[in-house]
Each structure stands twice: as structure tokens, then as C-alpha cells.
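Contents: one structure, followed by commentary.
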Amino acid sequence: MRLLSSRRRHPAAKALLLVSGLFMMGALYTVIAPPPQVSADTGNSQQIAEGKALFAVGCASCHGLNGEGQVNGPIQGPPLAGVGAAAVDFQVSTGRMPMARPGPQAPVKPNLYSDEEIAALAAYVASLGPGPAIPEPAQFDTANLSAEDLARGGELFRTNCSACHNFEGAGGALPGGKYAPPLIGLDPERIYLAMLTGPQQMPVFDDEVLTPDDKRAIIGYLEALHARPTDGGFGLGGLGPVSEGLWAWIIGLGSLIFFAMWIAAKGAKAK
Amino acid sequence: MTEDTTHGRPSTEVATVGEESYPVPDPGLEPHLPRLTDVDEKAADRATRQVATFFGLVPVLAIGFAVVYFAVPGDAYIDFGPLRANTRNLLLGLTFGLALLFLGVGAVQWARKLMDDREMIDYRHGASSSDDDKTYMLTELNKAANEAQLTRRKIIGRTLIAAIATILLPMVVGLADLGPWPTKKKRAETIERTIWAPGVRVVNDVTFEPIKPENVEIGQLINGEPANLQDLEGSEYQIEKAKAAVIVVRMDPNTITIPPSRETWQIGGILCYSKICTHVGCPISLWEQQTHHLLCPCHQSTFDLGDAGLVVFGPAKRALPQLPIAVDAEGYIVAQRDFLVPPGPSFFERDSRNDFKRGDN
């Protein structure tokens, strides 16, 4: 204490005291302040205004200043009226949007927006035209699905999704450098949002035609499928005998080559 | 090895080529050098021990296999990080696999180290029999034919040939049972039609839920089936499902081309196409909602659903058949009629003149 008391009249003491006081206040506030309400509220004009400002910075170069889209020219972006908050949540939270550069498909990358900013963007885009809202957690809660539901989910998945995403959800290639991403280990909300909004080349599967129960069954089926142990090797997307065959061809036949070399090699001679 | 072939010297029957035709003379066999095991008894003993050890391990592993088969429970697992293996299967594979491997390794080591390794040449000889053998064979055959009275009573041989030839007829005729006789009438009521009929609702595959046009958004894809499919069972269900499968898509009517003759086939940009590829009949639902292209996963045939289902890429030769749709009194999507052309792949008698081609209206 002596050290502190002897320096209490130091020229920097006042400034340091002020800085530490501010720091204490800030730290205290973050501990006791209630968590901010994060949701896209189309009735909240302040959130919409924030979203519009963020939109002008991050999105307007492709989607136009008012989300009207650009369909001509080298940099194109679809119009956003009617895509809804759900589409914004999916595209921005997975880092697909904003795109780093124009290309056949927006890849997943780290998302640099905070939840508040995504909610503000979603509120702004939702205010452009009616579109699907962000689903409630109960809609993609797969906890209480019966075996029958999972079987139905599997049938729905193979009918509607497997053409692009492979029958185990391992993903697949599309023409022109596009691809259907793998569905393994994804957040259920993300899968739900994708079905609801039809991002990029994916068709829309809206709630009227593929009901929320159907969607939940599909998500539950994928979770059950991917929780299944892959006995005897890497699954390789459930390509059936291919995974075993790959081992047999590369490891099995590869080692046979060494045996063939050993059999035919001339051993050491006595002179 | 036959009698007339000698080591190191070609027999007279070999087709030899004059040595002048080869620019490099035949160097012959390289001189034989003894191996270590040929001259050093200790090395030979060591090799013997190696071979005997490999052979000796085989019974141990074989008995181990039998023990594992009965002793290890079938539901035990071993984890190797990303790999996970059933303990019993792993041990069965290891014991039996290693037993086979050791048998082979022992045999190879035996051959390499201990068996005589001097190289020998056996020259090939002509494949045809000698004249003596041929004459003998023919005489024997003629003798047998005489003894069987075939030469004297020729009618027996002739009727036998006729009998053997006609005994195949019932078998060939039986093949007609493999499927319906493909007459024009039969084709018209099987492969050239589906169960789509006027007023049949388009329903979701799997759930059989009918569809209202106002619930179909732009960019939406629905894998559909006719509602009357539910009345069928068994193989009939499978056959009709495979032929009648459709996809319903909605596109912005301003961005697509709808030929004038098909203006009434759609509902505000909702179009319905056969789901069966016209190339070899794979079901296709790989649809890109922005390009409107439908890609067949089998051979990459690509159809433009925004342009009457015409082929834009791949081996398919015919446009995807479109199903005319309308709305019924209760507001659900229904078929106006069956497909105008048979959906699915080509067949021999198929009339392709009615298919939609580029430039048609």
C-alpha cells in the first residue's frame, strides 16, 4: 500500500484512476446486464434501420441498394424481396453471404457478423416482402421421434433430397462447379432453414408441401443415420461395397505387389 | 514335357526363326550361381527353420480361429479412432487371414531358398496330332459307326439328328412366357400409357398429400405421383409408380419459355414433367432452381424445364414429356389428361414423331 500511497500525487494517477474506473464499470455491466434480445422483429423500426445500414455495406454491391437485385452485368445477385428472414439467417450465419467473390456457388466460410447484426439484416430483408420466418426451435426438435417417424423421414429423404445430397447425406457434385454440400453433423436448424428457403440452386420445400413434421422426420433420420457406427472402416458416404472395395484395391492389391516383387526377386548369391 | 523334347535343344517341330533376323543374338540363359543356402549348410538350416516356423504357425492360427468362433461374443467392438470393428470378425479375419498368408509365405520361402533353382527350358511343339494318331482315330471312329450299324441302317442316324434338333423347340417356345407379346394393342395399354387420367390429383410422393397451387412457391420442387396410385398394390403399384412419377416445379413465368401450345398446360409458372429420364429411364429430381436445369445422375443428361423440357446436354435424345395440369373444383392441382407421348426411355417400336422438338410451338 505504501507503494500506491506514495505515488498518489503522480501526474498519471488521475488518468489511470479514470481508466480503471471505466473498466470496472464496463466489466460489471457485462456481468449483470440482461442478454440482449436477439430476434428479427419486423415491427422494430430501429432494428430495420440498423439492418439497412449493414445491408448497404455488406450486401448492396450485388443485391442492389434496396435489395432489388442485379440480374445483368458481371456482378449479379438475386432480388431479395420475399426471401424472408429465414433465408438471411441461413446465408449469413453459415458465412455463405456476403460472398467473397462472384462464383458458381457461395462456399461456407467463417461468419463475421454477430447474432444482433444477423437479426438486424434479417429484419430489414423481411421488411422488403413477406417470406418465411425463422422457425421456432420446437419445429426442428428431433427428440421425440418414433422409429416410424424416422423410417418415414428416410423415405422422404430418399425421394426428395438424395438426388443431390447422396442417400446418406454425404453431398455430391452438380454441373458447372456447383455442389450439394454434405449434411453430416449440421445444426438441425440449418437443415430446416435450407429446406424452407431453397438456398442457391436448391429447390424450395416449403412448409405447406413438405410439412414441418416431414422436415423434422428428415432431420431426425439424418441424425440417426449419422449416429450409426461405421463398422469396419470409413463410411465414404455409404457408397456400399465401394468403401470396402477401396480398401481391398489399395491396401490389399498394393501389398500383393510387394509379395510379387519378393517372390520374383533374385536372392543373395553365394559368389 | 513330351518325349520328343529335350532340355536346351529345340525339337524339329518348332517354328524357328533364322538367327539373322534378330539384330541382337540370343544371349541364352545366364549361368547358374549357387545361393547361400546351396553352399552353406547353416544358412540352409536357418531357412528350413523359417519355413517350418511359418508352416507350424498355421495349425495354431487355424485352431485359434475355431476358438474365437465359439468363445468371443458377437457384440463386442474394438475402437481404433475413426475405425470401429467387431471384435469377433476382426479376430476371425486375422487368424484365418494370417494362416493363409503364412502358408503362402512358407511355401515361397521354401521355393526361394531350398528348392533346386536351376532354370530349364522346355520348347513348345506343334499342337496338331501326328498323322499316325489321326489315321488311328478315324479308323476307330469308322469301326465304331460300323459296329453300331450306323452305316448300314442310315435311317437311325438321320432320325436321331432330327430328334435332337427338335427337342430344343419346346425350350425356345417356352421363352415366349418371359413377358407379354408386344403387339401394338398390348403396347398401347402398357408401356405407352400411365395411370394419369383427366382429373387425377397430383399428390406428394410418400405422403400422398394433394397440392394447392398457392402453396407452391417459385423455386419449389415437388416429387409427385398420381392420387390413384394408392388404389394399387404389389408389382402393379411398382410398375405404375415407376412410369407415372412426376416432378412439379414453379418458376417465374417471365424468365421461362412456354410454347403457345402449352400455355394452358401450366398454372402461373407451375409446370409438371415426367420424372423419368428419356435416355434409359433413371428417376431424375436433381433440379437447379436458378438455372431451371434438371440433371440426370446416371449419364448427365440435362433437361431445361424452363424451355419445355428440351435436352440441353447429355445422351438423352428426346425432351422430357410434360403433363398438362389444371386446378379442380376444390383448388387442388390435377392432371388434364395422360402424357401425350409415352414417358421414359426408348423402346424399339416407340413412335418418336410426336415428341416435342426445338422450334415446335
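So you can find residues: chains in the C-alpha cells are A, B, ... in the order shown, residues in each start at 1, and ligands are numbered from 1 in order.
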request  = Name the residues of segment 67-268 of chain A that fall into helix (DSSP H, G or I) according to DSSP on the backbone, using the chain letters and numbers of this document, as JSON, numbers by chain.
outcome  = {"A": [84, 85, 86, 87, 88, 89, 90, 91, 92, 93, 115, 116, 117, 118, 119, 120, 121, 122, 123, 124, 125, 126, 137, 138, 139, 140, 147, 148, 149, 150, 151, 152, 153, 154, 155, 156, 157, 158, 159, 160, 162, 163, 164, 165, 175, 176, 177, 188, 189, 190, 191, 192, 193, 194, 195, 196, 197, 212, 213, 214, 215, 216, 217, 218, 219, 220, 221, 222, 223, 224, 225, 226, 227, 236, 237, 238, 241, 242, 243, 244, 245, 246, 247, 248, 249, 250, 251, 252, 253, 254, 255, 256, 257, 258, 259, 260, 261, 262, 263, 264]}
request  = Find the residues around Lys357 of chain B up to 8 Å (only C-alpha atoms counted), leave out those fewer than 4 positions away in its own chain, and share them as a ChimeraX atom specification.
outcome  = /B:310,318-319
The selected residues should be written to file as a short mmCIF file (atom, residue, chain, number, x, y, z; two decimals), in the first residue's frame (atoms: N, CA and C atoms).
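Produced file result_35.cif, reproduced below:
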data_model
loop_
_atom_site.label_atom_id
_atom_site.label_comp_id
_atom_site.auth_asym_id
_atom_site.auth_seq_id
_atom_site.Cartn_x
_atom_site.Cartn_y
_atom_site.Cartn_z
N LEU B 310 -36.62 -29.44 -72.96
CA LEU B 310 -35.70 -29.83 -74.03
C LEU B 310 -34.35 -30.26 -73.46
N ARG B 318 -34.61 -37.18 -76.44
CA ARG B 318 -35.96 -36.65 -76.52
C ARG B 318 -36.24 -35.75 -75.32
N ALA B 319 -37.07 -34.72 -75.53
CA ALA B 319 -37.44 -33.81 -74.44
C ALA B 319 -38.22 -34.58 -73.39
#
If you take only C-alpha atoms and a cut-off of 7 Å, which residues of chain B touch chain A, and what are their nearest atom pairs and distances in Å to one decimal, in chain and number order, as a tab-separated table?
residue	atom	partner	partner_atom	distance
B:Leu33	CA	A:Lys269	CA	6.4
B:Pro34	CA	A:Ala270	CA	5.7
B:Arg35	CA	A:Lys269	CA	4.3
B:Leu36	CA	A:Ala270	CA	4.5
B:Leu83	CA	A:Gly233	CA	4.9
B:Arg84	CA	A:Asp231	CA	5.0
B:Ala85	CA	A:Gly232	CA	4.7
B:Asn86	CA	A:Asp231	CA	6.9
B:Val108	CA	A:Ile263	CA	6.5
B:Val206	CA	A:Leu156	CA	6.4
B:Ile211	CA	A:Val209	CA	6.9
B:Asn215	CA	A:Glu208	CA	5.8
B:Gly219	CA	A:Pro203	CA	5.3
B:Gln220	CA	A:Val204	CA	4.1
B:Leu221	CA	A:Pro203	CA	5.5
B:Asn223	CA	A:Asn160	CA	6.5
B:Ser285	CA	A:Ala163	CA	6.0
B:Leu286	CA	A:Ala163	CA	5.3
B:Trp287	CA	A:Pro203	CA	7.0
B:Glu288	CA	A:Gln201	CA	4.6
B:Gln289	CA	A:Gln201	CA	5.0
B:Gln290	CA	A:Gln201	CA	5.6
Exercise: Thr48 of chain B partners within 10 Å, only C-alpha atoms, chain neighbours under 5 positions left out, as a PDB file with N, CA and C atoms, in the first residue's frame:
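Written file, around.pdb:
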ATOM      1  N   THR B  37      22.285 -70.692 -49.448  1.00  0.00           N
ATOM      2  CA  THR B  37      21.774 -71.920 -48.829  1.00  0.00           C
ATOM      3  C   THR B  37      22.260 -73.168 -49.554  1.00  0.00           C
ATOM      4  N   LYS B  42      24.644 -74.143 -42.719  1.00  0.00           N
ATOM      5  CA  LYS B  42      23.998 -73.392 -41.627  1.00  0.00           C
ATOM      6  C   LYS B  42      22.876 -72.501 -42.151  1.00  0.00           C
ATOM      7  N   ALA B  43      23.149 -71.832 -43.297  1.00  0.00           N
ATOM      8  CA  ALA B  43      22.115 -70.970 -43.904  1.00  0.00           C
ATOM      9  C   ALA B  43      20.926 -71.808 -44.321  1.00  0.00           C
ATOM     10  N   THR B  53       8.727 -72.778 -39.264  1.00  0.00           N
ATOM     11  CA  THR B  53       8.009 -71.907 -38.333  1.00  0.00           C
ATOM     12  C   THR B  53       6.725 -71.390 -38.962  1.00  0.00           C
ATOM     13  N   GLY B 106       5.523 -69.368 -46.241  1.00  0.00           N
ATOM     14  CA  GLY B 106       6.377 -70.544 -46.037  1.00  0.00           C
ATOM     15  C   GLY B 106       6.711 -71.210 -47.360  1.00  0.00           C
ATOM     16  N   GLN B 109       9.155 -69.015 -49.363  1.00  0.00           N
ATOM     17  CA  GLN B 109      10.494 -69.056 -48.776  1.00  0.00           C
ATOM     18  C   GLN B 109      11.175 -70.399 -49.078  1.00  0.00           C
ATOM     19  N   TRP B 110      10.414 -71.460 -48.995  1.00  0.00           N
ATOM     20  CA  TRP B 110      10.903 -72.817 -49.312  1.00  0.00           C
ATOM     21  C   TRP B 110      11.413 -72.852 -50.750  1.00  0.00           C
ATOM     22  N   LYS B 113      14.628 -70.521 -51.211  1.00  0.00           N
ATOM     23  CA  LYS B 113      15.878 -70.794 -50.503  1.00  0.00           C
ATOM     24  C   LYS B 113      16.339 -72.245 -50.625  1.00  0.00           C
ATOM     25  N   LEU B 114      15.390 -73.173 -50.713  1.00  0.00           N
ATOM     26  CA  LEU B 114      15.797 -74.573 -50.571  1.00  0.00           C
ATOM     27  C   LEU B 114      15.555 -75.410 -51.816  1.00  0.00           C
TER      28      LEU B 114
END
request  = Point out the residue among B:Glu330, B:Gln149, B:Met115, B:Asp132 with the least atom-to-atom distance to Ala47 of chain B, counting only C-alpha atoms.
outcome  = B:Met115
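Of note, atom CA of Glu119 of chain B and atom CA of Tyr22 of chain B are spaced 23.5 Å apart.
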message = Please list as a PyMOL selection string every residue within 8 Å of Val83 of chain A, counting only C-alpha atoms and excluding residues in the same chain fewer than 2 positions away.
response = chain A and resi 80-81+85-88+125-126+129-132+197
task = Please report, as a PyMOL selection string, each residue of segment 133-271 of chain A to which DSSP assigns strand (DSSP E or B) when run on this structure's backbone.
result = chain A and resi 172-173+179-180+204+231+269
note = For Val341 of chain B, the closest of B:Arg112, B:Arg49, B:Arg353, B:Arg262 counting only C-alpha atoms is B:Arg353
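Closest to Pro259 of chain B among B:Pro345, B:Gly104, B:Gly309, B:Gly56 is B:Gly309, based on only C-alpha atoms.
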request  = Extract, using only C-alpha atoms, all DNA, RNA and protein residues at most 7 Å from Pro342 of chain B, discarding same-chain residues fewer than 2 positions from it, and format them as a PyMOL selection string.
outcome  = chain B and resi 191-193+339-340+344
